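Undergrad: This is the content of run-v2.cif (mmCIF, C-alpha atoms):
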data_my_file
loop_
_atom_site.group_PDB
_atom_site.id
_atom_site.type_symbol
_atom_site.label_atom_id
_atom_site.label_comp_id
_atom_site.auth_asym_id
_atom_site.auth_seq_id
_atom_site.Cartn_x
_atom_site.Cartn_y
_atom_site.Cartn_z
ATOM 1 C CA MET M 280 -33.030 54.685 61.763
ATOM 2 C CA GLU M 281 -35.517 55.363 64.505
ATOM 3 C CA LEU M 282 -33.297 56.167 67.480
ATOM 4 C CA TYR M 283 -35.815 56.521 70.265
ATOM 5 C CA GLY M 284 -37.584 53.266 69.415
ATOM 6 C CA LEU M 285 -34.260 51.420 69.512
ATOM 7 C CA PHE M 286 -33.461 52.886 72.941
ATOM 8 C CA GLU M 287 -36.949 52.111 74.207
ATOM 9 C CA ARG M 288 -36.662 48.468 73.083
ATOM 10 C CA GLN M 289 -33.246 48.100 74.695
ATOM 11 C CA VAL M 290 -34.436 49.525 78.029
ATOM 12 C CA ALA M 291 -37.364 47.090 78.028
ATOM 13 C CA GLU M 292 -34.998 44.231 77.125
ATOM 14 C CA TYR M 293 -32.673 45.087 80.032
ATOM 15 C CA HIS M 294 -35.559 45.088 82.477
ATOM 16 C CA LYS M 295 -36.446 41.490 81.606
ATOM 17 C CA THR M 296 -33.544 40.494 83.880
ATOM 18 C CA ASP M 297 -33.048 43.855 85.642
ATOM 19 C CA SER M 298 -29.512 42.788 86.510
ATOM 20 C CA VAL M 299 -26.383 44.914 86.185
ATOM 21 C CA ASP M 300 -24.478 41.647 85.739
ATOM 22 C CA ALA M 301 -26.546 40.336 82.836
ATOM 23 C CA GLU M 302 -24.712 39.828 79.561
ATOM 24 C CA LEU M 303 -25.340 42.231 76.710
ATOM 25 C CA THR M 304 -27.322 40.534 73.954
ATOM 26 C CA ASN M 305 -27.244 42.715 70.867
ATOM 27 C CA PRO M 306 -29.839 41.897 68.192
ATOM 28 C CA TYR M 307 -27.979 43.898 65.536
ATOM 29 C CA ALA M 308 -25.098 42.776 63.350
ATOM 30 C CA GLU M 309 -21.664 43.622 64.689
ATOM 31 C CA GLY M 310 -20.170 46.684 63.066
ATOM 32 C CA THR M 311 -23.502 48.367 62.313
ATOM 33 C CA MET M 312 -24.470 51.710 63.795
ATOM 34 C CA GLU M 313 -27.590 50.057 65.228
ATOM 35 C CA ALA M 314 -25.349 47.655 67.170
ATOM 36 C CA VAL M 315 -23.335 50.585 68.544
ATOM 37 C CA LEU M 316 -26.525 52.419 69.543
ATOM 38 C CA TRP M 317 -27.927 49.299 71.254
ATOM 39 C CA GLU M 318 -24.671 48.852 73.165
ATOM 40 C CA LYS M 319 -24.679 52.554 74.072
ATOM 41 C CA SER M 320 -28.181 52.256 75.486
ATOM 42 C CA TRP M 321 -27.208 49.066 77.349
ATOM 43 C CA VAL M 322 -24.221 50.801 78.951
ATOM 44 C CA ASP M 323 -26.425 53.730 79.975
ATOM 45 C CA THR M 324 -29.050 51.417 81.442
ATOM 46 C CA VAL M 325 -26.555 49.357 83.436
ATOM 47 C CA GLN M 326 -24.858 52.532 84.673
ATOM 48 C CA TRP M 327 -28.238 53.967 85.723
ATOM 49 C CA HIS M 328 -28.791 50.917 87.915
ATOM 50 C CA LEU M 329 -25.224 50.875 89.240
ATOM 51 C CA GLU M 330 -25.833 54.453 90.390
ATOM 52 C CA ASP M 331 -28.975 53.239 92.188
ATOM 53 C CA LEU M 332 -26.998 50.526 93.996
ATOM 54 C CA VAL M 333 -24.507 53.008 95.427
ATOM 55 C CA ARG M 334 -27.159 55.463 96.743
ATOM 56 C CA PRO M 335 -28.447 53.876 99.996
ATOM 57 C CA ASP M 336 -26.887 55.345 103.143
ATOM 58 C CA ASP M 337 -26.219 51.877 104.541
ATOM 59 C CA VAL M 338 -24.323 50.529 101.510
ATOM 60 C CA ASP M 339 -21.135 48.741 102.521
ATOM 61 C CA PRO M 340 -18.203 51.144 101.902
ATOM 62 C CA VAL M 341 -16.053 48.469 100.251
ATOM 63 C CA TYR M 342 -18.919 47.537 97.931
ATOM 64 C CA ALA M 343 -19.583 51.233 97.249
ATOM 65 C CA LEU M 344 -15.964 51.713 96.178
ATOM 66 C CA GLN M 345 -16.213 48.701 93.882
ATOM 67 C CA LEU M 346 -19.359 50.202 92.379
ATOM 68 C CA LYS M 347 -17.650 53.582 91.974
ATOM 69 C CA ARG M 348 -14.793 51.953 90.043
ATOM 70 C CA ARG M 349 -17.283 50.099 87.881
ATOM 71 C CA ILE M 350 -19.222 53.326 87.242
ATOM 72 C CA ASP M 351 -15.971 55.056 86.218
ATOM 73 C CA ARG M 352 -15.214 52.270 83.716
ATOM 74 C CA SER M 353 -18.775 52.408 82.462
ATOM 75 C CA ASN M 354 -18.608 56.163 82.019
ATOM 76 C CA GLN M 355 -15.417 55.811 79.974
ATOM 77 C CA HIS M 356 -17.095 53.133 77.832
ATOM 78 C CA ARG M 357 -20.096 55.436 77.382
ATOM 79 C CA THR M 358 -17.821 58.265 76.227
ATOM 80 C CA ASP M 359 -15.987 55.942 73.833
ATOM 81 C CA LEU M 360 -19.315 54.894 72.298
ATOM 82 C CA VAL M 361 -20.434 58.520 71.889
ATOM 83 C CA GLU M 362 -17.183 59.196 70.056
ATOM 84 C CA ARG M 363 -17.822 56.200 67.778
ATOM 85 C CA ILE M 364 -21.266 57.611 67.008
ATOM 86 C CA ASP M 365 -19.708 60.973 66.189
ATOM 87 C CA ASP M 366 -17.100 59.285 63.993
ATOM 88 C CA TYR M 367 -19.947 57.627 62.098
ATOM 89 C CA PHE M 368 -21.743 60.910 61.513
ATOM 90 C CA MET M 369 -18.505 62.669 60.608
ATOM 91 C CA SER M 370 -17.911 60.063 57.909
ATOM 92 C CA GLN M 371 -21.517 60.336 56.728
ATOM 93 C CA PHE M 372 -21.108 64.055 56.140
ATOM 94 C CA ALA M 373 -17.467 64.054 54.986
ATOM 95 C CA SER M 374 -18.311 64.830 51.365
ATOM 96 C CA VAL M 375 -20.880 67.540 52.115
ATOM 97 C CA GLN M 376 -20.022 70.979 50.755
ATOM 98 C CA VAL M 377 -20.320 73.091 53.899
ATOM 99 C CA GLN M 378 -21.625 76.604 53.411
ATOM 100 C CA PRO M 379 -18.974 79.224 54.268
ATOM 101 C CA ASP M 380 -21.140 80.815 56.974
ATOM 102 C CA ALA M 381 -22.364 77.505 58.454
ATOM 103 C CA PRO M 382 -22.073 77.637 62.255
ATOM 104 C CA ILE M 383 -20.708 74.860 64.403
ATOM 105 C CA ASN M 384 -23.338 73.242 66.579
ATOM 106 C CA THR M 385 -22.577 73.426 70.313
ATOM 107 C CA GLU M 386 -23.327 69.737 70.673
ATOM 108 C CA THR M 387 -22.253 66.908 68.406
ATOM 109 C CA PRO M 388 -24.827 64.411 67.127
ATOM 110 C CA GLY M 389 -23.285 61.756 69.385
ATOM 111 C CA TRP M 390 -23.855 63.783 72.546
ATOM 112 C CA ALA M 391 -27.403 64.631 71.457
ATOM 113 C CA VAL M 392 -27.994 60.895 70.945
ATOM 114 C CA ASP M 393 -26.516 60.310 74.408
ATOM 115 C CA ARG M 394 -29.124 62.653 75.906
ATOM 116 C CA LEU M 395 -31.878 60.817 74.035
ATOM 117 C CA SER M 396 -30.677 57.479 75.421
ATOM 118 C CA ILE M 397 -30.765 58.837 78.980
ATOM 119 C CA LEU M 398 -34.171 60.373 78.314
ATOM 120 C CA ALA M 399 -35.507 56.925 77.356
ATOM 121 C CA LEU M 400 -34.409 55.675 80.776
ATOM 122 C CA LYS M 401 -36.059 58.591 82.583
ATOM 123 C CA ILE M 402 -39.317 58.065 80.713
ATOM 124 C CA TYR M 403 -39.295 54.317 81.450
ATOM 125 C CA HIS M 404 -38.764 54.865 85.177
ATOM 126 C CA PHE M 405 -41.158 57.809 85.558
ATOM 127 C CA ALA M 406 -43.874 55.784 83.804
ATOM 128 C CA ILE M 407 -43.471 53.190 86.556
ATOM 129 C CA GLU M 408 -43.523 55.835 89.291
ATOM 130 C CA ALA M 409 -46.604 57.498 87.799
ATOM 131 C CA ASN M 410 -48.469 54.254 88.514
ATOM 132 C CA ARG M 411 -47.052 53.547 91.985
ATOM 133 C CA GLY M 412 -47.704 54.869 95.461
ATOM 134 C CA ASP M 413 -50.359 57.236 96.697
ATOM 135 C CA GLU M 414 -52.308 59.683 94.533
ATOM 136 C CA ALA M 415 -50.035 62.642 95.350
ATOM 137 C CA HIS M 416 -46.949 60.649 94.320
ATOM 138 C CA ARG M 417 -48.621 59.462 91.120
ATOM 139 C CA GLN M 418 -49.716 62.992 90.162
ATOM 140 C CA LYS M 419 -46.285 64.457 90.846
ATOM 141 C CA CYS M 420 -44.606 61.752 88.783
ATOM 142 C CA GLN M 421 -47.155 62.025 85.969
ATOM 143 C CA ALA M 422 -46.455 65.761 85.715
ATOM 144 C CA LYS M 423 -42.737 65.024 85.415
ATOM 145 C CA LEU M 424 -43.419 62.273 82.884
ATOM 146 C CA ASP M 425 -45.495 64.685 80.812
ATOM 147 C CA THR M 426 -42.563 67.107 80.763
ATOM 148 C CA LEU M 427 -40.177 64.315 79.754
ATOM 149 C CA LEU M 428 -42.485 63.354 76.877
ATOM 150 C CA VAL M 429 -42.374 66.939 75.598
ATOM 151 C CA GLN M 430 -38.588 66.868 75.948
ATOM 152 C CA ARG M 431 -38.523 63.666 73.883
ATOM 153 C CA GLU M 432 -40.435 65.342 71.070
ATOM 154 C CA ASP M 433 -38.233 68.427 71.222
ATOM 155 C CA LEU M 434 -34.990 66.454 71.342
ATOM 156 C CA THR M 435 -35.899 64.039 68.549
ATOM 157 C CA SER M 436 -36.948 67.017 66.391
ATOM 158 C CA ALA M 437 -33.712 68.833 67.229
ATOM 159 C CA ILE M 438 -31.603 65.784 66.341
ATOM 160 C CA ASP M 439 -33.470 65.371 63.058
ATOM 161 C CA ALA M 440 -32.954 69.065 62.266
ATOM 162 C CA LEU M 441 -29.259 68.907 63.170
ATOM 163 C CA LEU M 442 -28.677 65.889 60.942
ATOM 164 C CA ALA M 443 -30.593 67.532 58.085
ATOM 165 C CA ASP M 444 -28.559 70.748 58.495
ATOM 166 C CA LEU M 445 -25.290 68.787 58.550
ATOM 167 C CA ALA M 446 -26.324 66.849 55.443
ATOM 168 C CA ALA M 447 -27.202 70.098 53.644
ATOM 169 C CA GLY M 448 -24.064 71.948 54.765
ATOM 170 C CA ARG M 449 -26.035 74.507 56.788
ATOM 171 C CA ARG M 450 -24.119 73.482 59.928
ATOM 172 C CA ARG M 451 -20.606 72.186 60.304
ATOM 173 C CA MET M 452 -19.472 69.397 62.541
ATOM 174 C CA ARG M 453 -16.255 69.391 64.489
ATOM 175 C CA LEU M 454 -15.198 66.570 66.757
ATOM 176 C CA TYR M 455 -13.871 67.290 70.194
ATOM 177 C CA ARG M 456 -12.718 64.286 72.164
ATOM 178 C CA GLN M 457 -13.542 64.249 75.857
ATOM 179 C CA MET M 458 -9.924 63.750 76.936
ATOM 180 C CA LYS M 459 -10.886 62.507 80.364
ATOM 181 C CA MET M 460 -7.991 62.552 82.804
ATOM 182 C CA TYR M 461 -9.318 60.623 85.782
ATOM 183 C CA ASN M 462 -8.847 57.169 84.240
ATOM 184 C CA ASP M 463 -5.452 57.835 82.659
ATOM 185 C CA PRO M 464 -2.478 56.853 84.856
ATOM 186 C CA SER M 465 -0.232 59.204 82.865
ATOM 187 C CA LEU M 466 -2.502 62.241 83.469
ATOM 188 C CA ASN M 467 -4.115 61.802 86.892
ATOM 189 C CA PRO M 468 -1.696 62.943 89.640
ATOM 190 C CA MET M 469 -3.242 60.534 92.137
ATOM 191 C CA LEU M 470 -2.316 57.675 89.814
ATOM 192 C CA TYR M 471 1.058 58.729 88.440
ATOM 193 C CA LYS M 472 2.481 59.793 91.845
ATOM 194 C CA LYS M 473 2.379 56.187 93.042
#
Taking this structure as input, can you express it in the form of structure tokens?
TA:
Amino acid sequence: MELYGLFERQVAEYHKTDSVDAELTNPYAEGTMEAVLWEKSWVDTVQWHLEDLVRPDDVDPVYALQLKRRIDRSNQHRTDLVERIDDYFMSQFASVQVQPDAPINTETPGWAVDRLSILALKIYHFAIEANRGDEAHRQKCQAKLDTLLVQREDLTSAIDALLADLAAGRRRMRLYRQMKMYNDPSLNPMLYKK
């Protein structure tokens, strides 16, 4: 599966409406990893734009709080999707004979995929900025875009290498759940003290 292309298509699809309230339309069959990846990219894209809405200094404080709550829910959804991606890869490599000296990677495949999804958003938006404004702005943004394009090549190569190493048993995979506390009324003191 070509991850970056999927993320790139989803980002372009979102920008047809460019609305944080638009409904997710997933072109992939429910239950497939492609459907999960599309949804993951959609969540990232909506959250990116929710973050933009809360940034202006003159944003209404009540609206800003509503956005903050929505961003928190979105971030939890994003984390849940990353964990589903990791579950998928864990099952893919469950029968691999891991070499006794195989190190654990510091980042799971799901979190590497998460970074690639965010990178697709950065590239999309810097490509726009590299063609907007005065010459100094365009040059500055083009330089950043060039760096992001190198990062894309490096990250896609690193993900490919990680998956190949996991498949060959040269690296081991261990799942660590995020265990976020801020959304859990039984763990966040500000919520359970009420």
Undergrad: Region 392-397 of chain M: which residues within 9 Å, counting all atoms listed in the file, same-chain residues fewer than 4 positions away excluded, as an MDAnalysis selection string?
TA: chainID M and resid 282:283 286:287 316 319:320 323:324 327 357 361 364 387:388 401:402 431 434:435 438
Undergrad: Pick out the residues sitting within 12 Å of region 417-423 of chain M, and hand them over as an MDAnalysis selection string; count only C-alpha atoms, and ignore anything fewer than 2 positions along from it in its own chain.
TA: chainID M and resid 401:415 425:430
Undergrad: Restricting the calculation to all atoms listed in the file, which member of M:Tyr342, M:Trp321, M:Trp390, M:Tyr471 is positioned closest to Tyr455 (chain M)?
TA: M:Trp390
Undergrad: Excluding Asn354 (chain M) and its own-chain neighbours fewer than 5 positions away, which residues fall within 12 Å of it when counting only C-alpha atoms? Please give them as an mmCIF file with C-alpha atoms, in the frame of the given file.
TA:
data_model
loop_
_atom_site.group_PDB
_atom_site.id
_atom_site.type_symbol
_atom_site.label_atom_id
_atom_site.label_comp_id
_atom_site.auth_asym_id
_atom_site.auth_seq_id
_atom_site.Cartn_x
_atom_site.Cartn_y
_atom_site.Cartn_z
ATOM 1 C CA LYS M 319 -24.679 52.554 74.072
ATOM 2 C CA VAL M 322 -24.221 50.801 78.951
ATOM 3 C CA ASP M 323 -26.425 53.730 79.975
ATOM 4 C CA THR M 324 -29.050 51.417 81.442
ATOM 5 C CA VAL M 325 -26.555 49.357 83.436
ATOM 6 C CA GLN M 326 -24.858 52.532 84.673
ATOM 7 C CA TRP M 327 -28.238 53.967 85.723
ATOM 8 C CA LEU M 329 -25.224 50.875 89.240
ATOM 9 C CA GLU M 330 -25.833 54.453 90.390
ATOM 10 C CA LEU M 346 -19.359 50.202 92.379
ATOM 11 C CA LYS M 347 -17.650 53.582 91.974
ATOM 12 C CA ARG M 348 -14.793 51.953 90.043
ATOM 13 C CA ARG M 349 -17.283 50.099 87.881
ATOM 14 C CA ASP M 359 -15.987 55.942 73.833
ATOM 15 C CA LEU M 360 -19.315 54.894 72.298
ATOM 16 C CA VAL M 361 -20.434 58.520 71.889
ATOM 17 C CA ASP M 393 -26.516 60.310 74.408
ATOM 18 C CA GLN M 457 -13.542 64.249 75.857
ATOM 19 C CA LYS M 459 -10.886 62.507 80.364
ATOM 20 C CA TYR M 461 -9.318 60.623 85.782
ATOM 21 C CA ASN M 462 -8.847 57.169 84.240
#
Undergrad: For a test of reading the model, state the distance in Å between CA of Asn305 (chain M) and CA of Trp317 (chain M), rounded to one decimal.
TA: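 Distance reported for this atom pair: 6.6 Å.
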Undergrad: List, as a PyMOL selection string, every residue that the PyMOL selection byres ((chain M and resi 371-386) around 12) selects in the file provided.
TA: chain M and resi 312+361+364-370+387-394+437-438+440-455
Undergrad: Name all residues at most 12 Å from Gln345 (chain M) (count only C-alpha atoms; drop same-chain ones fewer than 5 positions away) and give them as a CSV table (one decimal) with C-alpha atoms, in the coordinates of the input.
TA:
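The resulting file, part.csv, is shown below:
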chain,number,residue,atom,x,y,z
M,329,LEU,CA,-25.2,50.9,89.2
M,330,GLU,CA,-25.8,54.5,90.4
M,332,LEU,CA,-27.0,50.5,94.0
M,333,VAL,CA,-24.5,53.0,95.4
M,338,VAL,CA,-24.3,50.5,101.5
M,339,ASP,CA,-21.1,48.7,102.5
M,340,PRO,CA,-18.2,51.1,101.9
M,350,ILE,CA,-19.2,53.3,87.2
M,351,ASP,CA,-16.0,55.1,86.2
M,352,ARG,CA,-15.2,52.3,83.7
Undergrad: Take CA of Leu285 (chain M) and CA of Arg363 (chain M) and report the distance between them in Å, one decimal.
TA: 17.2 Å
Undergrad: Between M:Arg456, M:Ser353, M:Leu400, M:Glu281, which is the closest to His294 (chain M) once you count all atoms listed in the file?
TA: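 Using all atoms listed in the file, His294 (chain M) sits closest to M:Leu400.
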Undergrad: Using all atoms listed in the file, find the one residue out of M:Pro464, M:Tyr307, M:Val315, M:Lys473 that sits nearest to Glu362 (chain M).
TA: M:Val315
Undergrad: Provide the CA of Val341 (chain M) to CA of Tyr293 (chain M) distance in Å, to one decimal place.
TA: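 Separation of CA of Val341 (chain M) and CA of Tyr293 (chain M): 26.4 Å.
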Undergrad: Just save region 301-432 of chain M with C-alpha atoms, as a PDB file, in the first residue's frame.
TA:
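Below is the file decode-v6.pdb, written as the result:
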ATOM      1  CA  ALA M 301     -17.885  18.205   6.380  1.00  0.00           C
ATOM      2  CA  GLU M 302     -18.745  14.526   6.655  1.00  0.00           C
ATOM      3  CA  LEU M 303     -16.008  11.959   6.196  1.00  0.00           C
ATOM      4  CA  THR M 304     -16.451  10.116   2.908  1.00  0.00           C
ATOM      5  CA  ASN M 305     -14.177   7.096   2.878  1.00  0.00           C
ATOM      6  CA  PRO M 306     -13.583   5.502  -0.537  1.00  0.00           C
ATOM      7  CA  TYR M 307     -12.241   2.288   1.010  1.00  0.00           C
ATOM      8  CA  ALA M 308     -14.198  -0.698   2.272  1.00  0.00           C
ATOM      9  CA  GLU M 309     -14.967  -0.644   5.975  1.00  0.00           C
ATOM     10  CA  GLY M 310     -12.623  -2.808   7.991  1.00  0.00           C
ATOM     11  CA  THR M 311      -9.663  -2.454   5.622  1.00  0.00           C
ATOM     12  CA  MET M 312      -6.391  -0.875   6.680  1.00  0.00           C
ATOM     13  CA  GLU M 313      -6.777   1.603   3.812  1.00  0.00           C
ATOM     14  CA  ALA M 314     -10.072   2.768   5.342  1.00  0.00           C
ATOM     15  CA  VAL M 315      -8.376   3.248   8.722  1.00  0.00           C
ATOM     16  CA  LEU M 316      -5.522   5.193   7.108  1.00  0.00           C
ATOM     17  CA  TRP M 317      -7.965   7.411   5.175  1.00  0.00           C
ATOM     18  CA  GLU M 318      -9.895   8.117   8.372  1.00  0.00           C
ATOM     19  CA  LYS M 319      -6.627   8.814  10.207  1.00  0.00           C
ATOM     20  CA  SER M 320      -5.625  11.346   7.574  1.00  0.00           C
ATOM     21  CA  TRP M 321      -9.113  12.902   7.675  1.00  0.00           C
ATOM     22  CA  VAL M 322      -8.921  13.317  11.455  1.00  0.00           C
ATOM     23  CA  ASP M 323      -5.475  14.903  11.142  1.00  0.00           C
ATOM     24  CA  THR M 324      -6.664  17.273   8.429  1.00  0.00           C
ATOM     25  CA  VAL M 325      -9.757  18.385  10.335  1.00  0.00           C
ATOM     26  CA  GLN M 326      -7.696  18.834  13.503  1.00  0.00           C
ATOM     27  CA  TRP M 327      -5.131  20.909  11.578  1.00  0.00           C
ATOM     28  CA  HIS M 328      -7.907  23.287  10.550  1.00  0.00           C
ATOM     29  CA  LEU M 329      -9.534  23.319  13.991  1.00  0.00           C
ATOM     30  CA  GLU M 330      -6.160  24.454  15.343  1.00  0.00           C
ATOM     31  CA  ASP M 331      -6.177  27.264  12.757  1.00  0.00           C
ATOM     32  CA  LEU M 332      -9.633  28.406  13.892  1.00  0.00           C
ATOM     33  CA  VAL M 333      -8.543  28.797  17.507  1.00  0.00           C
ATOM     34  CA  ARG M 334      -5.377  30.829  16.712  1.00  0.00           C
ATOM     35  CA  PRO M 335      -6.639  34.391  16.018  1.00  0.00           C
ATOM     36  CA  ASP M 336      -6.271  36.755  18.980  1.00  0.00           C
ATOM     37  CA  ASP M 337      -9.839  37.989  18.555  1.00  0.00           C
ATOM     38  CA  VAL M 338     -11.511  34.555  18.611  1.00  0.00           C
ATOM     39  CA  ASP M 339     -14.536  34.497  20.899  1.00  0.00           C
ATOM     40  CA  PRO M 340     -13.480  32.814  24.187  1.00  0.00           C
ATOM     41  CA  VAL M 341     -16.607  30.647  24.355  1.00  0.00           C
ATOM     42  CA  TYR M 342     -16.043  29.482  20.778  1.00  0.00           C
ATOM     43  CA  ALA M 343     -12.347  28.909  21.536  1.00  0.00           C
ATOM     44  CA  LEU M 344     -13.268  26.651  24.457  1.00  0.00           C
ATOM     45  CA  GLN M 345     -15.658  24.709  22.239  1.00  0.00           C
ATOM     46  CA  LEU M 346     -12.859  24.302  19.707  1.00  0.00           C
ATOM     47  CA  LYS M 347     -10.443  23.196  22.436  1.00  0.00           C
ATOM     48  CA  ARG M 348     -12.877  20.480  23.549  1.00  0.00           C
ATOM     49  CA  ARG M 349     -13.320  19.375  19.958  1.00  0.00           C
ATOM     50  CA  ILE M 350      -9.535  19.296  19.452  1.00  0.00           C
ATOM     51  CA  ASP M 351      -9.178  17.155  22.598  1.00  0.00           C
ATOM     52  CA  ARG M 352     -11.749  14.666  21.261  1.00  0.00           C
ATOM     53  CA  SER M 353     -10.045  14.693  17.889  1.00  0.00           C
ATOM     54  CA  ASN M 354      -6.658  14.059  19.455  1.00  0.00           C
ATOM     55  CA  GLN M 355      -8.057  11.068  21.347  1.00  0.00           C
ATOM     56  CA  HIS M 356      -9.580   9.741  18.107  1.00  0.00           C
ATOM     57  CA  ARG M 357      -6.223  10.241  16.377  1.00  0.00           C
ATOM     58  CA  THR M 358      -4.457   8.261  19.111  1.00  0.00           C
ATOM     59  CA  ASP M 359      -7.058   5.488  18.916  1.00  0.00           C
ATOM     60  CA  LEU M 360      -6.494   5.223  15.155  1.00  0.00           C
ATOM     61  CA  VAL M 361      -2.706   5.064  15.587  1.00  0.00           C
ATOM     62  CA  GLU M 362      -3.219   2.208  18.028  1.00  0.00           C
ATOM     63  CA  ARG M 363      -5.438   0.412  15.493  1.00  0.00           C
ATOM     64  CA  ILE M 364      -2.677   0.801  12.909  1.00  0.00           C
ATOM     65  CA  ASP M 365      -0.171  -0.643  15.367  1.00  0.00           C
ATOM     66  CA  ASP M 366      -2.530  -3.520  16.158  1.00  0.00           C
ATOM     67  CA  TYR M 367      -2.679  -4.261  12.434  1.00  0.00           C
ATOM     68  CA  PHE M 368       1.093  -4.340  12.090  1.00  0.00           C
ATOM     69  CA  MET M 369       1.470  -6.367  15.276  1.00  0.00           C
ATOM     70  CA  SER M 370      -0.852  -8.993  13.812  1.00  0.00           C
ATOM     71  CA  GLN M 371       0.986  -8.888  10.482  1.00  0.00           C
ATOM     72  CA  PHE M 372       4.258  -9.738  12.190  1.00  0.00           C
ATOM     73  CA  ALA M 373       2.899 -12.060  14.900  1.00  0.00           C
ATOM     74  CA  SER M 374       4.329 -15.208  13.328  1.00  0.00           C
ATOM     75  CA  VAL M 375       7.754 -13.745  12.526  1.00  0.00           C
ATOM     76  CA  GLN M 376      10.670 -15.462  14.246  1.00  0.00           C
ATOM     77  CA  VAL M 377      12.376 -12.498  15.900  1.00  0.00           C
ATOM     78  CA  GLN M 378      16.146 -12.663  16.101  1.00  0.00           C
ATOM     79  CA  PRO M 379      17.357 -12.871  19.723  1.00  0.00           C
ATOM     80  CA  ASP M 380      19.394  -9.661  19.432  1.00  0.00           C
ATOM     81  CA  ALA M 381      16.730  -7.713  17.495  1.00  0.00           C
ATOM     82  CA  PRO M 382      16.330  -4.246  19.036  1.00  0.00           C
ATOM     83  CA  ILE M 383      13.028  -2.574  19.736  1.00  0.00           C
ATOM     84  CA  ASN M 384      12.398   0.434  17.538  1.00  0.00           C
ATOM     85  CA  THR M 385      11.860   3.675  19.479  1.00  0.00           C
ATOM     86  CA  GLU M 386       8.779   4.426  17.420  1.00  0.00           C
ATOM     87  CA  THR M 387       6.014   2.052  16.410  1.00  0.00           C
ATOM     88  CA  PRO M 388       4.929   1.832  12.768  1.00  0.00           C
ATOM     89  CA  GLY M 389       1.654   3.543  13.703  1.00  0.00           C
ATOM     90  CA  TRP M 390       3.391   6.620  15.097  1.00  0.00           C
ATOM     91  CA  ALA M 391       5.717   6.767  12.087  1.00  0.00           C
ATOM     92  CA  VAL M 392       2.620   6.647   9.859  1.00  0.00           C
ATOM     93  CA  ASP M 393       1.123   9.423  11.998  1.00  0.00           C
ATOM     94  CA  ARG M 394       4.150  11.617  11.252  1.00  0.00           C
ATOM     95  CA  LEU M 395       3.800  10.874   7.539  1.00  0.00           C
ATOM     96  CA  SER M 396       0.137  11.911   7.616  1.00  0.00           C
ATOM     97  CA  ILE M 397       1.028  15.225   9.270  1.00  0.00           C
ATOM     98  CA  LEU M 398       3.876  15.694   6.805  1.00  0.00           C
ATOM     99  CA  ALA M 399       1.391  15.395   3.920  1.00  0.00           C
ATOM    100  CA  LEU M 400      -0.551  18.288   5.445  1.00  0.00           C
ATOM    101  CA  LYS M 401       2.574  20.422   5.852  1.00  0.00           C
ATOM    102  CA  ILE M 402       3.618  19.796   2.259  1.00  0.00           C
ATOM    103  CA  TYR M 403       0.130  20.641   0.953  1.00  0.00           C
ATOM    104  CA  HIS M 404       0.017  23.938   2.848  1.00  0.00           C
ATOM    105  CA  PHE M 405       3.621  24.984   2.171  1.00  0.00           C
ATOM    106  CA  ALA M 406       3.072  24.347  -1.550  1.00  0.00           C
ATOM    107  CA  ILE M 407       0.262  26.907  -1.394  1.00  0.00           C
ATOM    108  CA  GLU M 408       2.395  29.381   0.558  1.00  0.00           C
ATOM    109  CA  ALA M 409       5.314  28.956  -1.847  1.00  0.00           C
ATOM    110  CA  ASN M 410       3.052  30.400  -4.550  1.00  0.00           C
ATOM    111  CA  ARG M 411       1.467  33.209  -2.512  1.00  0.00           C
ATOM    112  CA  GLY M 412       2.564  36.640  -1.379  1.00  0.00           C
ATOM    113  CA  ASP M 413       5.660  38.603  -2.239  1.00  0.00           C
ATOM    114  CA  GLU M 414       8.902  37.128  -3.576  1.00  0.00           C
ATOM    115  CA  ALA M 415      10.578  36.995  -0.146  1.00  0.00           C
ATOM    116  CA  HIS M 416       7.624  35.064   1.302  1.00  0.00           C
ATOM    117  CA  ARG M 417       7.565  32.677  -1.655  1.00  0.00           C
ATOM    118  CA  GLN M 418      11.315  31.999  -1.422  1.00  0.00           C
ATOM    119  CA  LYS M 419      11.179  31.412   2.323  1.00  0.00           C
ATOM    120  CA  CYS M 420       8.260  29.019   1.945  1.00  0.00           C
ATOM    121  CA  GLN M 421       9.840  27.230  -1.021  1.00  0.00           C
ATOM    122  CA  ALA M 422      12.974  26.594   1.050  1.00  0.00           C
ATOM    123  CA  LYS M 423      10.826  25.078   3.798  1.00  0.00           C
ATOM    124  CA  LEU M 424       8.874  23.051   1.245  1.00  0.00           C
ATOM    125  CA  ASP M 425      12.125  21.707  -0.184  1.00  0.00           C
ATOM    126  CA  THR M 426      13.138  20.560   3.298  1.00  0.00           C
ATOM    127  CA  LEU M 427       9.741  18.920   3.826  1.00  0.00           C
ATOM    128  CA  LEU M 428      10.111  17.043   0.530  1.00  0.00           C
ATOM    129  CA  VAL M 429      13.455  15.651   1.704  1.00  0.00           C
ATOM    130  CA  GLN M 430      11.816  14.695   4.999  1.00  0.00           C
ATOM    131  CA  ARG M 431       9.101  12.870   3.044  1.00  0.00           C
ATOM    132  CA  GLU M 432      11.697  10.807   1.205  1.00  0.00           C
TER     133      GLU M 432
END
